[in-house]
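> The file below is model.txt, compact mmCIF, C-alpha atoms:
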# COMPACT_ATOMS: atom_id res chain seq x y z
CA MET A 989 157.58 95.39 128.69
CA LYS A 990 157.51 95.30 124.92
CA LYS A 991 155.50 92.06 124.90
CA LYS A 992 152.96 93.56 127.31
CA SER A 993 152.56 96.59 125.04
CA ILE A 994 151.99 94.40 121.99
CA LEU A 995 149.48 92.26 123.92
CA LEU A 996 147.64 95.36 125.10
CA LEU A 997 147.52 96.71 121.54
CA ILE A 998 146.04 93.42 120.30
CA ILE A 999 143.39 93.48 123.04
CA ILE A 1000 142.49 97.10 122.24
CA THR A 1001 142.30 96.33 118.50
CA LEU A 1002 140.04 93.35 119.11
CA SER A 1003 137.83 95.41 121.41
CA ILE A 1004 137.45 98.11 118.76
CA GLY A 1005 136.61 95.46 116.17
CA LEU A 1006 133.97 93.87 118.39
CA ALA A 1007 132.47 97.27 119.20
CA SER A 1008 132.27 98.05 115.48
CA CYS A 1009 130.38 94.80 114.88
CA ARG A 1010 127.94 95.56 117.68
CA GLU A 1011 127.38 99.09 116.42
CA SER A 1012 127.00 98.00 112.81
CA SER A 1013 123.81 99.10 111.10
CA GLY A 1014 123.30 95.58 109.71
CA LEU A 1015 123.26 92.04 111.06
CA GLU A 1016 123.67 88.47 109.90
CA THR A 1017 122.30 85.14 111.09
CA ASP A 1018 122.50 81.62 109.70
CA SER A 1019 119.40 82.36 107.59
CA ILE A 1020 119.59 86.02 106.57
CA LYS A 1021 121.94 88.93 106.02
CA ILE A 1022 120.60 92.46 106.57
CA SER A 1023 123.04 94.98 105.17
CA GLN A 1024 121.38 97.89 107.00
CA TYR A 1025 118.41 98.36 109.32
CA LYS A 1026 119.63 101.36 111.36
CA GLU A 1027 120.42 104.83 110.07
CA ILE A 1028 118.78 103.92 106.78
CA GLU A 1029 117.88 106.51 104.16
CA ILE A 1030 114.62 106.69 102.23
CA GLU A 1031 113.05 109.17 99.89
CA PRO A 1032 111.74 112.16 101.87
CA LEU A 1033 108.07 111.88 102.70
CA THR A 1034 105.77 114.87 102.48
CA SER A 1035 104.42 115.56 105.95
CA GLN A 1036 100.64 115.44 106.07
CA THR A 1037 100.38 116.68 109.63
CA ALA A 1038 99.43 120.30 108.85
CA VAL A 1039 95.63 120.63 108.95
CA THR A 1040 94.13 123.70 107.25
CA ASP A 1041 90.88 125.55 107.91
CA GLU A 1042 89.67 124.20 104.55
CA ASP A 1043 90.27 120.64 105.80
CA VAL A 1044 88.20 121.35 108.90
CA GLU A 1045 85.38 122.91 106.88
CA TYR A 1046 85.31 119.96 104.46
CA ALA A 1047 85.12 117.50 107.35
CA ILE A 1048 82.27 119.40 109.00
CA GLN A 1049 80.32 119.64 105.73
CA THR A 1050 80.75 115.88 105.27
CA ILE A 1051 79.35 115.30 108.77
CA LEU A 1052 76.38 117.54 107.97
CA GLU A 1053 75.74 115.68 104.71
CA LEU A 1054 75.78 112.33 106.50
CA ARG A 1055 73.05 113.63 108.80
CA ALA A 1056 70.92 115.08 106.04
CA GLU A 1057 67.23 114.14 106.09
CA ALA A 1058 64.92 113.46 103.16
CA TYR A 1059 61.96 115.75 102.55
CA PRO A 1060 59.25 115.38 99.86
CA VAL A 1061 59.08 118.18 97.27
CA SER A 1062 55.89 119.26 95.50
CA ASP A 1063 56.36 122.94 94.62
CA ARG A 1064 59.23 122.80 92.15
CA ALA A 1065 60.80 120.84 89.31
CA ALA A 1066 63.42 118.16 89.80
CA LEU A 1067 67.01 119.30 90.39
CA TYR A 1068 70.43 117.66 90.30
CA GLY A 1069 70.90 115.68 93.52
CA ASP A 1070 67.19 115.00 94.07
CA THR A 1071 65.98 111.46 94.53
CA VAL A 1072 63.04 110.78 92.25
CA ASN A 1073 60.53 107.99 91.83
CA ILE A 1074 59.67 107.21 88.20
CA ASP A 1075 57.99 104.75 85.87
CA PHE A 1076 59.64 104.13 82.51
CA ILE A 1077 59.06 102.05 79.41
CA GLY A 1078 61.98 101.40 77.07
CA GLU A 1079 61.80 100.36 73.42
CA ILE A 1080 64.37 99.40 70.80
CA ASN A 1081 63.05 99.78 67.25
CA GLY A 1082 59.52 99.98 68.68
CA ASN A 1083 59.88 96.75 70.66
CA SER A 1084 60.12 96.31 74.44
CA PHE A 1085 63.21 94.54 75.79
CA GLU A 1086 64.32 92.75 78.93
CA GLY A 1087 65.02 95.19 81.76
CA GLY A 1088 63.64 98.11 79.78
CA THR A 1089 60.48 98.66 81.81
CA GLU A 1090 60.26 99.57 85.51
CA ASN A 1091 57.61 100.89 87.88
CA ASP A 1092 58.30 102.85 91.08
CA PHE A 1093 61.99 103.04 90.27
CA SER A 1094 63.96 105.33 92.63
CA VAL A 1095 67.15 107.01 91.49
CA THR A 1096 69.23 109.96 92.66
CA ILE A 1097 69.89 112.36 89.80
CA GLY A 1098 73.64 112.43 89.24
CA SER A 1099 74.31 108.92 90.58
CA GLU A 1100 74.96 107.65 87.03
CA VAL A 1101 73.08 104.43 87.72
CA LEU A 1102 71.19 104.69 84.44
CA ILE A 1103 72.56 105.13 80.92
CA PRO A 1104 74.20 108.49 80.12
CA GLY A 1105 71.68 111.31 79.74
CA PHE A 1106 68.73 109.46 81.31
CA GLU A 1107 69.00 111.03 84.77
CA ASP A 1108 69.80 114.50 83.42
CA SER A 1109 66.64 114.36 81.34
CA ILE A 1110 64.55 114.33 84.51
CA ILE A 1111 65.89 117.74 85.59
CA GLY A 1112 63.31 120.49 85.01
CA HIS A 1113 60.32 118.16 85.02
CA ASN A 1114 57.53 118.34 87.60
CA ILE A 1115 55.62 115.60 89.39
CA GLY A 1116 53.07 114.09 87.01
CA ASP A 1117 55.03 114.90 83.84
CA THR A 1118 55.30 112.17 81.19
CA TYR A 1119 57.84 112.70 78.44
CA ILE A 1120 59.91 110.83 75.86
CA TRP A 1121 63.71 110.67 75.98
CA GLU A 1122 66.02 109.01 73.45
CA GLY A 1123 69.51 107.70 74.09
CA ILE A 1124 72.17 105.17 73.10
CA PHE A 1125 73.44 102.24 75.17
CA PRO A 1126 77.11 102.82 76.14
CA GLU A 1127 80.01 100.45 75.54
CA ASN A 1128 80.10 99.38 79.20
CA TYR A 1129 76.40 98.48 79.36
CA LYS A 1130 75.74 95.25 81.28
CA ASN A 1131 73.99 93.56 78.33
CA PHE A 1132 76.48 93.50 75.47
CA ASP A 1133 73.71 92.82 72.92
CA TYR A 1134 72.34 96.33 73.44
CA VAL A 1135 75.65 98.24 73.19
CA GLY A 1136 75.47 101.05 70.63
CA LYS A 1137 71.75 100.61 69.99
CA HIS A 1138 69.29 103.50 69.95
CA VAL A 1139 66.63 103.35 72.71
CA THR A 1140 63.46 105.35 73.38
CA TYR A 1141 62.12 105.76 76.91
CA THR A 1142 58.71 107.01 78.02
CA ILE A 1143 59.29 108.42 81.50
CA THR A 1144 56.74 109.46 84.14
CA LEU A 1145 57.91 111.46 87.17
CA LYS A 1146 55.90 110.40 90.23
CA SER A 1147 57.65 112.01 93.20
CA ILE A 1148 60.63 114.15 94.18
CA THR A 1149 62.63 113.99 97.41
CA GLU A 1150 65.44 116.30 98.45
CA LEU A 1151 68.07 115.91 101.14
CA LYS A 1152 68.44 118.83 103.51
CA LYS A 1153 71.56 119.21 105.59
CA PRO A 1154 71.11 120.40 109.17
CA GLU A 1155 72.49 123.84 109.97
CA LEU A 1156 75.71 124.08 111.93
CA THR A 1157 74.43 125.53 115.20
CA ASN A 1158 75.37 125.20 118.85
CA GLU A 1159 72.40 122.85 119.26
CA PHE A 1160 73.65 120.62 116.44
CA VAL A 1161 77.14 120.59 117.97
CA LYS A 1162 75.76 119.42 121.32
CA SER A 1163 73.84 116.63 119.56
CA VAL A 1164 76.93 115.15 117.86
CA SER A 1165 79.78 115.96 120.26
CA LYS A 1166 80.49 114.78 123.78
CA THR A 1167 82.96 117.57 124.52
CA SER A 1168 81.99 120.64 122.48
CA ASN A 1169 79.13 123.04 123.18
CA THR A 1170 79.77 125.76 120.61
CA ILE A 1171 80.62 125.91 116.91
CA GLU A 1172 84.08 127.26 117.66
CA GLU A 1173 84.80 124.48 120.16
CA TYR A 1174 83.58 121.95 117.59
CA ARG A 1175 85.89 123.32 114.91
CA ASN A 1176 88.83 122.94 117.30
CA GLU A 1177 87.71 119.40 118.18
CA ILE A 1178 87.52 118.39 114.51
CA LYS A 1179 90.91 120.01 113.85
CA GLN A 1180 92.50 118.00 116.66
CA GLN A 1181 90.94 114.79 115.31
CA LEU A 1182 92.22 115.49 111.80
CA GLN A 1183 95.65 116.32 113.21
CA GLN A 1184 95.79 113.00 115.06
CA GLU A 1185 94.65 111.10 111.97
CA ALA A 1186 97.26 112.87 109.83
CA GLU A 1187 100.03 112.04 112.28
CA VAL A 1188 98.96 108.38 112.42
CA ASN A 1189 98.84 108.18 108.62
CA TYR A 1190 102.24 109.82 108.33
CA LYS A 1191 103.77 107.41 110.83
CA GLU A 1192 102.20 104.44 109.04
CA SER A 1193 103.63 105.65 105.71
CA LEU A 1194 107.04 106.19 107.30
CA THR A 1195 106.94 102.75 108.92
CA GLU A 1196 106.10 101.08 105.62
CA GLU A 1197 108.88 102.95 103.78
CA ILE A 1198 111.44 101.89 106.40
CA TRP A 1199 110.22 98.29 106.36
CA GLN A 1200 110.28 98.04 102.56
CA THR A 1201 113.82 99.45 102.54
CA ILE A 1202 114.92 96.82 105.05
CA LEU A 1203 113.32 94.10 102.93
CA LYS A 1204 115.40 95.31 99.98
CA ASN A 1205 118.48 95.37 102.19
CA THR A 1206 117.98 91.74 103.22
CA GLU A 1207 119.35 88.62 101.56
CA VAL A 1208 117.97 85.25 102.59
CA ILE A 1209 120.88 82.83 102.90
CA LYS A 1210 118.75 79.82 103.64
CA TYR A 1211 114.98 79.45 103.72
CA PRO A 1212 113.49 77.12 106.36
CA GLU A 1213 111.92 74.62 103.97
CA ASP A 1214 109.59 73.18 106.60
CA GLU A 1215 108.05 76.60 107.20
CA ILE A 1216 107.77 77.30 103.46
CA ASN A 1217 106.06 73.96 102.88
CA LYS A 1218 103.70 74.50 105.81
CA ILE A 1219 102.52 77.85 104.47
CA PHE A 1220 102.35 76.49 100.93
CA ASN A 1221 100.17 73.54 101.95
CA GLU A 1222 97.88 75.79 104.00
CA GLN A 1223 97.33 78.05 100.98
CA VAL A 1224 96.82 75.25 98.45
CA LYS A 1225 94.52 73.13 100.62
CA PRO A 1226 91.34 75.27 100.11
CA TYR A 1227 91.75 75.08 96.32
CA LYS A 1228 92.05 71.31 96.44
CA SER A 1229 88.94 71.15 98.63
CA MET A 1230 86.99 73.36 96.22
CA ALA A 1231 88.05 71.20 93.29
CA LYS A 1232 86.92 68.08 95.13
CA SER A 1233 83.55 69.64 96.05
CA LEU A 1234 82.97 70.38 92.36
CA ASP A 1235 84.04 66.87 91.41
CA MET A 1236 86.96 68.26 89.41
CA GLU A 1237 90.61 67.38 89.19
CA TYR A 1238 92.79 69.88 91.03
CA LYS A 1239 94.70 70.62 87.81
CA ASP A 1240 91.52 71.27 85.83
CA PHE A 1241 90.10 73.48 88.58
CA ILE A 1242 93.19 75.72 88.70
CA GLU A 1243 93.38 76.04 84.92
CA SER A 1244 89.66 76.84 84.51
CA GLN A 1245 89.04 79.00 87.59
CA ILE A 1246 92.40 80.69 88.21
CA GLU A 1247 93.37 80.66 84.52
CA LEU A 1248 96.95 79.63 85.31
CA SER A 1249 98.82 76.38 84.90
CA VAL A 1250 99.36 74.44 88.13
CA ASP A 1251 103.09 75.23 87.96
CA GLU A 1252 102.41 78.96 87.57
CA PHE A 1253 99.80 78.98 90.33
CA GLU A 1254 101.90 77.00 92.80
CA GLY A 1255 104.93 79.10 91.89
CA GLU A 1256 103.05 82.26 92.93
CA ILE A 1257 101.95 80.58 96.17
CA LYS A 1258 105.52 79.56 96.96
CA ASP A 1259 106.83 83.06 96.19
CA ALA A 1260 104.27 84.54 98.56
CA ALA A 1261 105.27 82.01 101.22
CA LYS A 1262 108.90 83.03 100.83
CA ILE A 1263 108.03 86.71 101.27
CA LYS A 1264 106.09 85.92 104.45
CA VAL A 1265 108.93 83.81 105.83
CA LYS A 1266 111.50 86.46 104.90
CA GLN A 1267 109.60 89.09 106.84
CA SER A 1268 109.34 86.77 109.82
CA LEU A 1269 113.10 86.05 109.72
CA ILE A 1270 113.87 89.78 109.61
CA CYS A 1271 111.51 90.52 112.47
CA ASN A 1272 112.91 87.79 114.70
CA ALA A 1273 116.52 88.67 113.89
CA ILE A 1274 116.08 92.36 114.75
CA ALA A 1275 114.09 91.52 117.87
CA GLU A 1276 116.89 89.26 119.11
CA ALA A 1277 119.66 91.69 118.19
CA GLU A 1278 117.95 94.62 119.93
CA ASN A 1279 116.48 92.70 122.89
CA ILE A 1280 112.89 93.45 121.87
CA GLU A 1281 110.80 91.11 124.01
CA LEU A 1282 107.11 90.34 123.99
CA ASP A 1283 106.33 89.92 127.70
CA ASP A 1284 102.83 89.18 129.01
CA LYS A 1285 102.00 92.81 129.79
CA THR A 1286 103.15 94.03 126.36
CA TYR A 1287 101.28 91.19 124.66
CA LYS A 1288 98.01 92.17 126.35
CA GLN A 1289 98.53 95.76 125.23
CA GLN A 1290 99.21 94.62 121.70
CA LEU A 1291 96.06 92.50 121.62
CA GLU A 1292 94.01 95.60 122.37
CA ILE A 1293 95.80 97.49 119.60
CA ILE A 1294 95.39 94.67 117.08
CA ALA A 1295 91.68 94.22 117.91
CA LYS A 1296 91.10 97.92 117.25
CA MET A 1297 93.29 97.87 114.13
CA TYR A 1298 91.31 95.01 112.56
CA GLY A 1299 87.91 96.34 113.64
CA PHE A 1300 87.05 93.74 116.29
CA LYS A 1301 84.75 94.71 119.16
CA ASN A 1302 87.08 93.18 121.74
CA VAL A 1303 90.08 90.90 122.23
CA GLU A 1304 87.84 87.86 122.73
CA ASP A 1305 86.41 88.23 119.21
CA LEU A 1306 89.93 88.73 117.87
CA LYS A 1307 91.10 85.45 119.43
CA LYS A 1308 88.28 83.59 117.71
CA GLU A 1309 89.72 84.51 114.31
CA PHE A 1310 93.47 84.24 114.96
CA SER A 1311 95.59 81.64 116.72
CA ASP A 1312 97.83 82.59 119.63
CA ASP A 1313 100.92 82.03 117.48
CA GLU A 1314 99.56 84.33 114.77
CA LEU A 1315 98.75 87.05 117.30
CA LYS A 1316 102.17 86.83 118.89
CA GLU A 1317 103.79 87.11 115.47
CA ILE A 1318 101.71 90.20 114.65
CA SER A 1319 102.49 91.70 118.06
CA LEU A 1320 106.24 91.19 117.74
CA ASN A 1321 106.13 92.60 114.23
CA ASN A 1322 104.41 95.73 115.58
CA LEU A 1323 107.04 96.12 118.30
CA VAL A 1324 109.92 95.72 115.86
CA LYS A 1325 108.47 98.21 113.38
CA SER A 1326 107.86 100.70 116.19
CA TRP A 1327 111.48 100.29 117.29
CA LEU A 1328 112.69 100.81 113.73
CA VAL A 1329 110.75 104.06 113.38
CA THR A 1330 111.99 105.34 116.75
CA HIS A 1331 115.62 104.58 115.92
CA ASN A 1332 115.46 105.90 112.36
CA ILE A 1333 113.15 108.86 112.82
CA LYS A 1334 116.01 111.37 113.14
CA ASN A 1335 116.95 110.64 109.54
CA PHE A 1336 113.57 111.90 108.29
CA GLN A 1337 113.06 115.03 110.33
Reformat the file's structure so that it appears as structure tokens.

Amino acid sequence: MKKKSILLLIIITLSIGLASCRESSGLETDSIKISQYKEIEIEPLTSQTAVTDEDVEYAIQTILELRAEAYPVSDRAALYGDTVNIDFIGEINGNSFEGGTENDFSVTIGSEVLIPGFEDSIIGHNIGDTYIWEGIFPENYKNFDYVGKHVTYTITLKSITELKKPELTNEFVKSVSKTSNTIEEYRNEIKQQLQQEAEVNYKESLTEEIWQTILKNTEVIKYPEDEINKIFNEQVKPYKSMAKSLDMEYKDFIESQIELSVDEFEGEIKDAAKIKVKQSLICNAIAEAENIELDDKTYKQQLEIIAKMYGFKNVEDLKKEFSDDELKEISLNNLVKSWLVTHNIKNFQ
């Protein structure tokens, strides 16, 4: 009886120990050791999901500005924000210089395309005015030889164009929205869109914080050298090809174009390869531990998501740019990160 009790106690103790291992918030494989990937703690993130009336108004004004139309102006002087057409002749110490003279030059006042003060000088002038303006070339001017030099411009204002935003009316709403017919409905539509965008951005930020924390919590016991070398060779190959096309030694090309020694350059490439492999090891380890599988149906769904995420028109175009292995890796990574957010989200609410 006593022996049976002792045996039962041992079995219970072992069972508790095994359960503790299974419920551990970390995991270990032959290659990596993750100290914690569940119930992790990160710095609190500020929620960006609350959309204000000011946010909605700003978004609508931006939409109106994007649909603004240009109208010629003839009954007033130039104002800030107008687009003007001018002729100008520039001189340094009474002499013309390269790039100093232009005809039919269009510029929007306030764009800061020209040297400081030039565009502002146009304000208040009318079509047909010719006047002289003096300025100094700034430190960041494209031609270093002119920096700090005094310049005199003779400027002729030839035309003025202003952008007029459309009014926010029910008719405008119907022209830009598929669901709204009134201004009030459109405001609600924009608010919902901003809310969705804010929630997506918040989740992306949360996902990245969790993932970066797991990366810090992970120690690589042994890197798969074959995989490191494969990535390394893939990254170095284009540089060797460029060097060859320029009839240069690979070493000389790296030192002259990248401005690093070959050892420094290849060291950075190898470090980047290790980071990529580390992330892949983490992803695969968590997927196996939590039975996260990429079946055919899920893979097809992920391809649609990835195509949209990278701005491809469709999955077919996506497949032209990425190999099947690359797409499966991205898909599994998405699934694992989604799982991590779902199983850690309670810690951030």
> Excluding stretch 1200-1216 of chain A and residues on its chain fewer than 3 positions from it, collect all residues at most 8 Å away from it, counting all atoms listed in the file, and give them as JSON, numbers by chain.
{"A": [1018, 1019, 1020, 1021, 1022, 1023, 1024, 1025, 1028, 1030, 1196, 1197, 1219, 1220, 1258, 1261, 1262, 1265, 1266, 1267, 1270]}
> Would you list the contacts of stretch 1241-1247 of chain A as a list in words, taking every protein, DNA or RNA residue within 12 Å and counting all atoms listed in the file, but skipping same-chain residues closer than 5 positions in sequence?
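In the requested format, the answer is Val1224, Pro1226, Tyr1227, Lys1228, Ser1229, Met1230, Ala1231, Lys1232, Ser1233, Leu1234, Asp1235, Met1236, Glu1252, Phe1253, Glu1254 and Glu1256 of chain A.
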> Just the selected residues (C-alpha atoms), exported as an mmCIF file, in the coordinates of the input, please.

data_model
loop_
_atom_site.group_PDB
_atom_site.id
_atom_site.type_symbol
_atom_site.label_atom_id
_atom_site.label_comp_id
_atom_site.auth_asym_id
_atom_site.auth_seq_id
_atom_site.Cartn_x
_atom_site.Cartn_y
_atom_site.Cartn_z
ATOM 1 C CA VAL A 1224 96.820 75.250 98.450
ATOM 2 C CA PRO A 1226 91.340 75.270 100.110
ATOM 3 C CA TYR A 1227 91.750 75.080 96.320
ATOM 4 C CA LYS A 1228 92.050 71.310 96.440
ATOM 5 C CA SER A 1229 88.940 71.150 98.630
ATOM 6 C CA MET A 1230 86.990 73.360 96.220
ATOM 7 C CA ALA A 1231 88.050 71.200 93.290
ATOM 8 C CA LYS A 1232 86.920 68.080 95.130
ATOM 9 C CA SER A 1233 83.550 69.640 96.050
ATOM 10 C CA LEU A 1234 82.970 70.380 92.360
ATOM 11 C CA ASP A 1235 84.040 66.870 91.410
ATOM 12 C CA MET A 1236 86.960 68.260 89.410
ATOM 13 C CA GLU A 1252 102.410 78.960 87.570
ATOM 14 C CA PHE A 1253 99.800 78.980 90.330
ATOM 15 C CA GLU A 1254 101.900 77.000 92.800
ATOM 16 C CA GLU A 1256 103.050 82.260 92.930
#
> Quick one: pull the distance between atom CA of A:Glu1276 and atom CA of A:Gln1290, Å, one decimal.
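Atom-to-atom, atom CA of A:Glu1276 to atom CA of A:Gln1290, that is 18.7 Å.
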> Find the residues near A:Leu1306: any atom within 10 Å, counting all atoms listed in the file, skip ones fewer than 4 places away on the same chain, and give them as a list in words.
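After dropping sequence-adjacent residues, the list is Leu1291, Glu1292, Ile1294, Ala1295, Lys1296, Tyr1298, Gly1299, Phe1300, Lys1301, Asn1302, Phe1310, Ser1311 and Leu1315 of chain A.
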> Between A:Glu1278, A:Glu1090, A:Asp1117, A:Glu1309, which one has atoms that come closest to A:Leu1015, using only C-alpha atoms?
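Among the listed residues, the smallest separation from A:Leu1015 belongs to A:Glu1278.
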> Using all atoms listed in the file, which of A:Ala1186, A:Val1095, A:Leu1151, A:Leu1156 sits nearest A:Tyr1174?
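With all atoms listed in the file as the atom set, the closest residue is A:Leu1156.
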> Can you pull out the residues contacting A:Glu1107? Cut-off 10 Å, using all atoms listed in the file, and skip same-chain residues under 6 positions away; I want them as a VMD selection string.
chain A and resid 1068 1072 1095 to 1101
> Kindly give the distance, in Å, that separates atom CA of A:Tyr1190 and atom CA of A:Asp1305, rounded to a single decimal.
28.9 Å
> Mind listing whatever residues come within 12 Å of the point (90.1, 113.2, 111.8)? Use all atoms listed in the file, file coordinates, and give them as JSON, numbers by chain.
{"A": [1037, 1039, 1043, 1044, 1045, 1046, 1047, 1048, 1050, 1051, 1175, 1176, 1177, 1178, 1179, 1180, 1181, 1182, 1183, 1184, 1185, 1186, 1187, 1188, 1189]}
> Counting all atoms listed in the file, figure out which residue out of A:Thr1286, A:Thr1142, A:Asn1158, A:Asn1073 gets nearest to A:Val1061.
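Distance minimum relative to A:Val1061 lands on A:Asn1073.
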> Once you've located stretch 1039-1047 of chain A in the structure I gave, write it as a PDB file, in the first residue's frame, keeping all heavy atoms.

ATOM      1  N   VAL A1039     -11.382  58.997 -32.665  1.00  0.00           N
ATOM      2  CA  VAL A1039     -11.379  59.977 -33.742  1.00  0.00           C
ATOM      3  C   VAL A1039     -12.240  61.174 -33.340  1.00  0.00           C
ATOM      4  O   VAL A1039     -13.399  61.013 -32.945  1.00  0.00           O
ATOM      5  CB  VAL A1039     -11.925  59.359 -35.041  1.00  0.00           C
ATOM      6  CG1 VAL A1039     -12.003  60.407 -36.149  1.00  0.00           C
ATOM      7  CG2 VAL A1039     -11.026  58.201 -35.482  1.00  0.00           C
ATOM      8  N   THR A1040     -11.678  62.370 -33.431  1.00  0.00           N
ATOM      9  CA  THR A1040     -12.385  63.586 -33.024  1.00  0.00           C
ATOM     10  C   THR A1040     -13.060  64.251 -34.228  1.00  0.00           C
ATOM     11  O   THR A1040     -12.752  63.928 -35.392  1.00  0.00           O
ATOM     12  CB  THR A1040     -11.426  64.582 -32.375  1.00  0.00           C
ATOM     13  OG1 THR A1040     -10.478  65.029 -33.369  1.00  0.00           O
ATOM     14  CG2 THR A1040     -10.656  63.937 -31.222  1.00  0.00           C
ATOM     15  N   ASP A1041     -13.935  65.208 -33.930  1.00  0.00           N
ATOM     16  CA  ASP A1041     -14.577  65.982 -34.996  1.00  0.00           C
ATOM     17  C   ASP A1041     -13.534  66.779 -35.781  1.00  0.00           C
ATOM     18  O   ASP A1041     -13.685  66.981 -36.991  1.00  0.00           O
ATOM     19  CB  ASP A1041     -15.616  66.941 -34.406  1.00  0.00           C
ATOM     20  CG  ASP A1041     -16.822  66.208 -33.835  1.00  0.00           C
ATOM     21  OD1 ASP A1041     -17.036  65.031 -34.219  1.00  0.00           O
ATOM     22  OD2 ASP A1041     -17.543  66.789 -33.006  1.00  0.00           O
ATOM     23  N   GLU A1042     -12.471  67.207 -35.074  1.00  0.00           N
ATOM     24  CA  GLU A1042     -11.388  67.948 -35.750  1.00  0.00           C
ATOM     25  C   GLU A1042     -10.675  67.049 -36.759  1.00  0.00           C
ATOM     26  O   GLU A1042     -10.288  67.508 -37.845  1.00  0.00           O
ATOM     27  CB  GLU A1042     -10.389  68.480 -34.719  1.00  0.00           C
ATOM     28  CG  GLU A1042     -10.894  69.634 -33.878  1.00  0.00           C
ATOM     29  CD  GLU A1042     -11.862  69.193 -32.791  1.00  0.00           C
ATOM     30  OE1 GLU A1042     -11.949  67.975 -32.518  1.00  0.00           O
ATOM     31  OE2 GLU A1042     -12.540  70.068 -32.218  1.00  0.00           O
ATOM     32  N   ASP A1043     -10.491  65.777 -36.408  1.00  0.00           N
ATOM     33  CA  ASP A1043      -9.867  64.822 -37.333  1.00  0.00           C
ATOM     34  C   ASP A1043     -10.707  64.672 -38.596  1.00  0.00           C
ATOM     35  O   ASP A1043     -10.176  64.624 -39.715  1.00  0.00           O
ATOM     36  CB  ASP A1043      -9.703  63.448 -36.664  1.00  0.00           C
ATOM     37  CG  ASP A1043      -8.742  63.473 -35.492  1.00  0.00           C
ATOM     38  OD1 ASP A1043      -7.820  64.305 -35.515  1.00  0.00           O
ATOM     39  OD2 ASP A1043      -8.915  62.665 -34.564  1.00  0.00           O
ATOM     40  N   VAL A1044     -12.009  64.572 -38.407  1.00  0.00           N
ATOM     41  CA  VAL A1044     -12.925  64.420 -39.538  1.00  0.00           C
ATOM     42  C   VAL A1044     -12.874  65.657 -40.425  1.00  0.00           C
ATOM     43  O   VAL A1044     -12.791  65.559 -41.655  1.00  0.00           O
ATOM     44  CB  VAL A1044     -14.367  64.176 -39.041  1.00  0.00           C
ATOM     45  CG1 VAL A1044     -15.337  64.155 -40.226  1.00  0.00           C
ATOM     46  CG2 VAL A1044     -14.445  62.865 -38.271  1.00  0.00           C
ATOM     47  N   GLU A1045     -12.909  66.840 -39.804  1.00  0.00           N
ATOM     48  CA  GLU A1045     -12.889  68.079 -40.568  1.00  0.00           C
ATOM     49  C   GLU A1045     -11.590  68.224 -41.356  1.00  0.00           C
ATOM     50  O   GLU A1045     -11.595  68.646 -42.528  1.00  0.00           O
ATOM     51  CB  GLU A1045     -13.057  69.276 -39.625  1.00  0.00           C
ATOM     52  CG  GLU A1045     -13.165  70.623 -40.323  1.00  0.00           C
ATOM     53  CD  GLU A1045     -14.361  70.714 -41.243  1.00  0.00           C
ATOM     54  OE1 GLU A1045     -15.383  70.041 -40.969  1.00  0.00           O
ATOM     55  OE2 GLU A1045     -14.267  71.444 -42.249  1.00  0.00           O
ATOM     56  N   TYR A1046     -10.470  67.863 -40.731  1.00  0.00           N
ATOM     57  CA  TYR A1046      -9.171  67.935 -41.410  1.00  0.00           C
ATOM     58  C   TYR A1046      -9.143  67.005 -42.621  1.00  0.00           C
ATOM     59  O   TYR A1046      -8.649  67.380 -43.699  1.00  0.00           O
ATOM     60  CB  TYR A1046      -8.051  67.570 -40.440  1.00  0.00           C
ATOM     61  CG  TYR A1046      -6.668  67.638 -41.045  1.00  0.00           C
ATOM     62  CD1 TYR A1046      -6.002  68.853 -41.168  1.00  0.00           C
ATOM     63  CD2 TYR A1046      -6.035  66.493 -41.516  1.00  0.00           C
ATOM     64  CE1 TYR A1046      -4.739  68.933 -41.739  1.00  0.00           C
ATOM     65  CE2 TYR A1046      -4.772  66.555 -42.094  1.00  0.00           C
ATOM     66  CZ  TYR A1046      -4.125  67.775 -42.202  1.00  0.00           C
ATOM     67  OH  TYR A1046      -2.881  67.843 -42.774  1.00  0.00           O
ATOM     68  N   ALA A1047      -9.672  65.805 -42.458  1.00  0.00           N
ATOM     69  CA  ALA A1047      -9.694  64.836 -43.556  1.00  0.00           C
ATOM     70  C   ALA A1047     -10.547  65.339 -44.708  1.00  0.00           C
ATOM     71  O   ALA A1047     -10.168  65.220 -45.880  1.00  0.00           O
ATOM     72  CB  ALA A1047     -10.221  63.493 -43.051  1.00  0.00           C
TER      73      ALA A1047
END
